[in-house]
$ cat entry-v9.csv   # CSV, C-alpha atoms
chain,number,residue,atom,x,y,z
A,10,MET,CA,5.5,1.9,-16.4
A,11,GLN,CA,2.3,2.4,-18.2
A,12,MET,CA,-1.2,1.4,-17.0
A,13,LYS,CA,-2.5,0.5,-20.4
A,14,ASN,CA,-2.0,-3.2,-21.0
A,15,ALA,CA,-0.4,-3.6,-17.5
A,16,VAL,CA,-1.2,-6.7,-15.4
A,17,ALA,CA,-1.7,-5.6,-11.9
A,18,LEU,CA,-2.1,-7.2,-8.5
A,19,VAL,CA,-3.8,-5.1,-5.8
A,20,THR,CA,-3.8,-6.4,-2.3
A,21,GLY,CA,-6.7,-5.4,0.0
A,22,ALA,CA,-8.8,-4.7,-3.1
A,23,ASN,CA,-12.3,-5.4,-1.8
A,24,ARG,CA,-12.9,-1.9,-0.3
A,25,GLY,CA,-11.5,1.6,0.2
A,26,LEU,CA,-8.3,2.6,-1.5
A,27,GLY,CA,-7.6,-0.9,-2.9
A,28,ARG,CA,-11.0,-1.0,-4.6
A,29,ALA,CA,-10.4,2.4,-6.1
A,30,PHE,CA,-7.0,1.3,-7.5
A,31,ALA,CA,-8.6,-1.8,-9.1
A,32,GLN,CA,-11.4,0.2,-10.7
A,33,ALA,CA,-9.0,2.9,-12.0
A,34,LEU,CA,-6.6,0.4,-13.4
A,35,LEU,CA,-9.4,-1.1,-15.5
A,36,GLU,CA,-10.5,2.3,-16.6
A,37,ARG,CA,-6.9,3.1,-17.7
A,38,GLY,CA,-6.8,0.0,-19.9
A,39,ALA,CA,-5.0,-2.5,-17.7
A,40,ARG,CA,-5.1,-5.9,-19.5
A,41,LYS,CA,-5.7,-7.8,-16.3
A,42,VAL,CA,-6.3,-6.8,-12.6
A,43,TYR,CA,-6.0,-9.4,-9.9
A,44,ALA,CA,-8.0,-8.1,-6.9
A,45,ALA,CA,-6.7,-9.8,-3.8
A,46,ALA,CA,-8.6,-10.1,-0.5
A,47,ARG,CA,-8.8,-12.5,2.4
A,48,GLU,CA,-12.2,-13.6,1.1
A,49,PRO,CA,-12.4,-13.3,-2.7
A,50,SER,CA,-16.2,-13.4,-2.6
A,51,SER,CA,-16.0,-9.9,-1.0
A,52,VAL,CA,-14.6,-8.5,-4.3
A,53,ASP,CA,-17.5,-7.1,-6.4
A,54,ILE,CA,-15.7,-5.2,-9.1
A,55,PRO,CA,-16.8,-6.2,-12.6
A,56,GLY,CA,-13.8,-7.1,-14.8
A,57,VAL,CA,-11.3,-8.0,-12.2
A,58,ILE,CA,-10.0,-11.4,-11.2
A,59,PRO,CA,-10.8,-12.0,-7.5
A,60,VAL,CA,-8.0,-14.0,-5.8
A,61,ARG,CA,-7.4,-15.1,-2.2
A,62,LEU,CA,-4.6,-13.5,-0.3
A,63,ASP,CA,-4.0,-12.9,3.4
A,64,VAL,CA,-0.5,-11.4,3.2
A,65,THR,CA,0.4,-13.1,6.6
A,66,HIS,CA,-0.2,-16.5,5.1
A,67,PRO,CA,2.9,-17.7,3.1
A,68,GLU,CA,1.1,-20.7,1.5
A,69,GLN,CA,-1.5,-18.4,0.0
A,70,LEU,CA,1.2,-16.1,-1.4
A,71,GLU,CA,3.0,-19.1,-2.9
A,72,ALA,CA,-0.2,-20.2,-4.6
A,73,LEU,CA,-0.9,-16.8,-6.0
A,74,VAL,CA,2.6,-16.4,-7.5
A,75,ARG,CA,1.9,-19.6,-9.4
A,76,GLU,CA,-1.4,-18.3,-10.6
A,77,ALA,CA,-0.4,-14.7,-11.4
A,78,GLY,CA,2.9,-15.2,-13.2
A,79,ASP,CA,2.1,-12.4,-15.6
A,80,VAL,CA,2.0,-9.5,-13.1
A,81,SER,CA,3.9,-6.3,-14.0
A,82,LEU,CA,2.5,-4.0,-11.3
A,83,LEU,CA,2.3,-4.9,-7.6
A,84,ILE,CA,0.2,-2.6,-5.4
A,85,ASN,CA,0.8,-3.4,-1.7
A,86,ASN,CA,-2.3,-1.8,-0.2
A,87,ALA,CA,-3.5,-4.3,2.4
A,88,GLY,CA,-3.2,-2.8,5.9
A,89,ILE,CA,-4.7,-2.9,9.4
A,90,LEU,CA,-5.0,-0.4,12.2
A,91,ARG,CA,-5.7,-1.7,15.7
A,92,GLY,CA,-6.0,1.7,17.4
A,93,THR,CA,-4.5,0.8,20.7
A,94,SER,CA,-2.3,2.6,23.2
A,95,LEU,CA,1.4,1.7,23.4
A,96,LEU,CA,1.0,0.9,27.1
A,97,GLY,CA,-2.4,-0.8,26.9
A,98,GLN,CA,-3.0,-4.4,27.9
A,99,ASP,CA,-3.1,-5.6,24.3
A,100,ALA,CA,-0.4,-3.4,23.0
A,101,LEU,CA,2.1,-6.2,22.1
A,102,ALA,CA,-0.5,-8.2,20.3
A,103,ALA,CA,-1.7,-5.2,18.4
A,104,ALA,CA,1.8,-4.2,17.4
A,105,ARG,CA,2.6,-7.7,16.2
A,106,ALA,CA,-0.5,-7.8,14.1
A,107,GLU,CA,0.2,-4.4,12.5
A,108,LEU,CA,3.8,-5.3,11.8
A,109,GLU,CA,2.8,-8.6,10.3
A,110,THR,CA,0.4,-7.0,7.9
A,111,ASN,CA,1.7,-3.5,7.3
A,112,TYR,CA,5.5,-4.3,7.1
A,113,LEU,CA,6.1,-8.0,6.8
A,114,GLY,CA,3.2,-8.3,4.4
A,115,PRO,CA,4.7,-5.9,1.7
A,116,LEU,CA,8.1,-7.5,2.3
A,117,ALA,CA,6.7,-11.0,1.6
A,118,THR,CA,4.7,-10.0,-1.5
A,119,SER,CA,7.6,-7.9,-2.9
A,120,SER,CA,10.1,-10.7,-2.3
A,121,ALA,CA,7.7,-13.3,-3.9
A,122,PHE,CA,6.9,-11.2,-7.0
A,123,ALA,CA,10.3,-9.6,-7.6
A,124,PRO,CA,11.3,-12.5,-9.9
A,125,VAL,CA,8.0,-12.3,-11.7
A,126,LEU,CA,8.4,-8.6,-12.3
A,127,ALA,CA,12.0,-9.2,-13.5
A,128,LYS,CA,10.8,-11.8,-15.9
A,129,ASN,CA,8.1,-9.5,-17.2
A,130,GLY,CA,10.5,-6.5,-17.9
A,131,GLY,CA,10.9,-4.9,-14.5
A,132,GLY,CA,7.5,-3.3,-13.9
A,133,ALA,CA,6.7,-1.5,-10.6
A,134,ILE,CA,5.9,-1.9,-7.0
A,135,LEU,CA,3.7,0.6,-5.1
A,136,ASN,CA,3.7,0.5,-1.3
A,137,VAL,CA,0.8,2.4,0.3
A,138,LEU,CA,2.2,4.1,3.3
A,139,SER,CA,0.9,7.1,5.3
A,140,VAL,CA,1.7,10.5,6.8
A,141,LEU,CA,1.9,8.4,10.0
A,142,SER,CA,5.1,6.9,8.6
A,143,TRP,CA,6.6,10.1,10.0
A,144,MET,CA,4.4,11.0,12.9
A,145,ALA,CA,3.1,9.2,15.9
A,146,PHE,CA,0.0,10.0,18.1
A,147,PRO,CA,-1.7,8.3,21.0
A,148,GLY,CA,-3.9,5.5,19.8
A,149,SER,CA,-2.0,5.0,16.6
A,150,ALA,CA,1.7,4.9,17.5
A,151,SER,CA,2.2,1.2,16.9
A,152,TYR,CA,0.5,1.6,13.5
A,153,SER,CA,3.0,4.5,12.8
A,154,ALA,CA,5.8,2.1,13.8
A,155,SER,CA,4.6,-0.4,11.2
A,156,LYS,CA,4.3,2.2,8.5
A,157,ALA,CA,7.7,3.7,9.4
A,158,ALA,CA,9.2,0.2,8.9
A,159,ALA,CA,7.3,-0.1,5.6
A,160,TRP,CA,8.8,3.3,4.5
A,161,ALA,CA,12.3,2.0,5.2
A,162,LEU,CA,11.4,-1.2,3.4
A,163,THR,CA,10.3,0.8,0.3
A,164,ASN,CA,13.5,2.8,0.2
A,165,GLY,CA,15.6,-0.4,0.5
A,166,LEU,CA,13.6,-2.2,-2.2
A,167,ARG,CA,14.1,0.7,-4.5
A,168,LYS,CA,17.9,0.3,-4.3
A,169,GLU,CA,17.9,-3.5,-4.4
A,170,LEU,CA,15.5,-3.8,-7.4
A,171,ALA,CA,17.1,-1.0,-9.4
A,172,ALA,CA,19.3,-3.5,-11.3
A,173,GLN,CA,16.2,-5.4,-12.6
A,174,LYS,CA,14.6,-2.1,-13.6
A,175,THR,CA,11.7,-2.4,-11.1
A,176,GLN,CA,10.3,1.0,-10.2
A,177,VAL,CA,9.5,1.2,-6.4
A,178,VAL,CA,7.1,3.9,-5.4
A,179,ALA,CA,6.0,5.2,-1.9
A,180,LEU,CA,2.5,6.7,-1.4
A,181,HIS,CA,2.1,8.9,1.6
A,182,VAL,CA,-1.4,10.3,2.4
A,183,GLY,CA,-3.3,11.5,5.4
A,184,TYR,CA,-6.9,10.8,6.2
A,185,MET,CA,-9.0,9.3,3.3
A,186,ASP,CA,-12.7,8.8,3.1
A,187,THR,CA,-12.5,5.0,3.8
A,188,ASP,CA,-13.8,2.6,6.4
A,189,MET,CA,-10.5,2.9,8.4
A,190,ALA,CA,-11.1,6.7,9.0
A,191,HIS,CA,-14.9,6.6,9.2
A,192,LYS,CA,-14.8,8.1,12.8
A,193,VAL,CA,-12.5,10.9,11.8
A,194,THR,CA,-14.1,14.4,11.5
A,195,ALA,CA,-11.1,16.1,9.9
A,196,PRO,CA,-11.0,16.8,6.2
A,197,LYS,CA,-10.4,13.6,4.1
A,198,SER,CA,-9.1,12.9,0.7
A,199,SER,CA,-11.1,11.1,-1.9
A,200,PRO,CA,-9.6,7.6,-2.7
A,201,ALA,CA,-10.3,8.3,-6.4
A,202,ASP,CA,-8.2,11.4,-6.3
A,203,VAL,CA,-5.4,9.7,-4.4
A,204,VAL,CA,-5.4,6.9,-7.0
A,205,ARG,CA,-5.4,9.4,-9.9
A,206,GLN,CA,-2.3,11.2,-8.5
A,207,THR,CA,-0.5,7.9,-7.8
A,208,LEU,CA,-1.1,6.2,-11.2
A,209,ASP,CA,0.0,9.5,-12.9
A,210,ALA,CA,3.2,9.5,-10.8
A,211,ILE,CA,4.0,5.9,-11.6
A,212,GLU,CA,3.6,6.6,-15.3
A,213,ALA,CA,5.8,9.7,-14.9
A,214,GLY,CA,8.6,7.6,-13.3
A,215,GLN,CA,8.4,9.2,-9.9
A,216,ASP,CA,9.5,7.5,-6.7
A,217,GLU,CA,7.3,9.1,-4.2
A,218,VAL,CA,3.7,10.5,-4.0
A,219,LEU,CA,2.6,13.0,-1.4
A,220,ALA,CA,-1.1,12.9,-2.1
A,221,ASP,CA,-2.5,15.7,0.1
A,222,GLU,CA,-1.5,18.9,1.8
A,223,VAL,CA,-1.0,17.2,5.1
A,224,SER,CA,1.6,14.8,3.8
A,225,ARG,CA,3.4,17.5,1.9
A,226,ASN,CA,3.5,19.8,4.9
A,227,VAL,CA,4.7,17.0,7.3
A,228,LYS,CA,7.4,15.9,4.8
A,229,GLN,CA,8.6,19.4,4.5
A,230,GLY,CA,8.7,19.8,8.3
A,231,LEU,CA,10.8,16.7,9.1
A,232,SER,CA,14.0,18.6,9.2
A,233,ALA,CA,12.4,21.1,11.6
A,234,GLY,CA,11.4,18.4,14.0
A,235,VAL,CA,7.7,18.3,13.3
A,236,TYR,CA,7.6,14.8,14.7
A,237,LEU,CA,8.7,16.1,18.1
A,238,GLN,CA,5.6,18.2,18.6
A,239,ARG,CA,3.5,17.2,21.6

$ encode --input "entry-v9.csv" --output "structure tokens"
Amino acid sequence: MQMKNAVALVTGANRGLGRAFAQALLERGARKVYAAAREPSSVDIPGVIPVRLDVTHPEQLEALVREAGDVSLLINNAGILRGTSLLGQDALAAARAELETNYLGPLATSSAFAPVLAKNGGGAILNVLSVLSWMAFPGSASYSASKAAAWALTNGLRKELAAQKTQVVALHVGYMDTDMAHKVTAPKSSPADVVRQTLDAIEAGQDEVLADEVSRNVKQGLSAGVYLQR
């Protein structure tokens, strides 16, 4: 999968990491970049094609598949973080919202665009995950559950789509300098650097991207039970 002349669809492309992906794809010579957001007018990147997509709305996804039948790269970036306690009054509502967007969203878009990718030669799907796919902390545990589900989804899609030669890639990263982590004081990765590593990995045929030291250390520590730490 090469970025030059690719036709990409990036969800959640109006800010943060999604915006960085859309910009970098244009810089690498993508032929077309569909930049999806709930409100297309919020996309202000010269050269992209703003499109409407709330990944929890099936009718919008169906319309987009009809409009973007030339896609060869799907980047599932759209995500939400409610930041609630597992035992809080609004815990179930928050968990449902996070699962709808962070797990069922990529499932829906991948399912809808898999035939498109097959028709266009296989292409690739990138799912933006998190180091929190493997760890859970107070205030973000339901988000972690949704990302853990998305990790399992990614691994399942990789096997199911192998026959049509669709590359399925998982991106794991810790804190990034985006709106979602604006209150975090810990070190943060640059979205542009995360995007660079990820697009390089896709072009190299890799299945997984560990974009920072945190994600690399946590992945390495899984067998030692790092997720059990209190």

$ atom_distance --input "entry-v9.csv" --atom1 "atom CA of Gln238 of chain A" --atom2 "atom CA of Gly148 of chain A"
15.9 Å

$ residues_around --input "entry-v9.csv" --residues "segment 208-219 of chain A" --least-positions-apart "6" --cutoff "8 Å" --atoms "only C-alpha atoms" --output "short mmCIF file (atom, residue, chain, number, x, y, z; two decimals) with C-alpha atoms, in the frame of the given file"
data_model
loop_
_atom_site.label_atom_id
_atom_site.label_comp_id
_atom_site.auth_asym_id
_atom_site.auth_seq_id
_atom_site.Cartn_x
_atom_site.Cartn_y
_atom_site.Cartn_z
CA MET A 10 5.50 1.90 -16.40
CA GLN A 11 2.30 2.40 -18.20
CA MET A 12 -1.20 1.40 -17.00
CA ALA A 133 6.70 -1.50 -10.60
CA GLN A 176 10.30 1.00 -10.20
CA VAL A 177 9.50 1.20 -6.40
CA VAL A 178 7.10 3.90 -5.40
CA ALA A 179 6.00 5.20 -1.90
CA LEU A 180 2.50 6.70 -1.40
CA HIS A 181 2.10 8.90 1.60
CA VAL A 182 -1.40 10.30 2.40
CA ARG A 225 3.40 17.50 1.90
#

$ atom_distance --input "entry-v9.csv" --atom1 "atom CA of Ala150 of chain A" --atom2 "atom CA of Gly230 of chain A"
18.9 Å

$ closest_residue --input "entry-v9.csv" --among "A:Ala106, A:Leu90, A:Ala100, A:Ala121" --to "Gln69 of chain A" --atoms "only C-alpha atoms"
A:Ala121

$ closest_residue --input "entry-v9.csv" --among "A:Gly25, A:Val204, A:Asp79, A:Ala159" --to "Thr187 of chain A" --atoms "only C-alpha atoms"
A:Gly25

$ closest_residue --input "entry-v9.csv" --among "A:Glu76, A:Asp63, A:Glu169, A:Asp99" --to "Ala123 of chain A" --atoms "only C-alpha atoms"
A:Glu169

$ atom_distance --input "entry-v9.csv" --atom1 "atom CA of Val60 of chain A" --atom2 "atom CA of Leu34 of chain A"
16.3 Å

$ residues_around --input "entry-v9.csv" --residues "Ala161 of chain A" --least-positions-apart "5" --cutoff "12 Å" --atoms "all atoms listed in the file" --output "PyMOL selection string"
chain A and resi 112-113+115-116+136+138+142-143+154-156+166-168+177-179
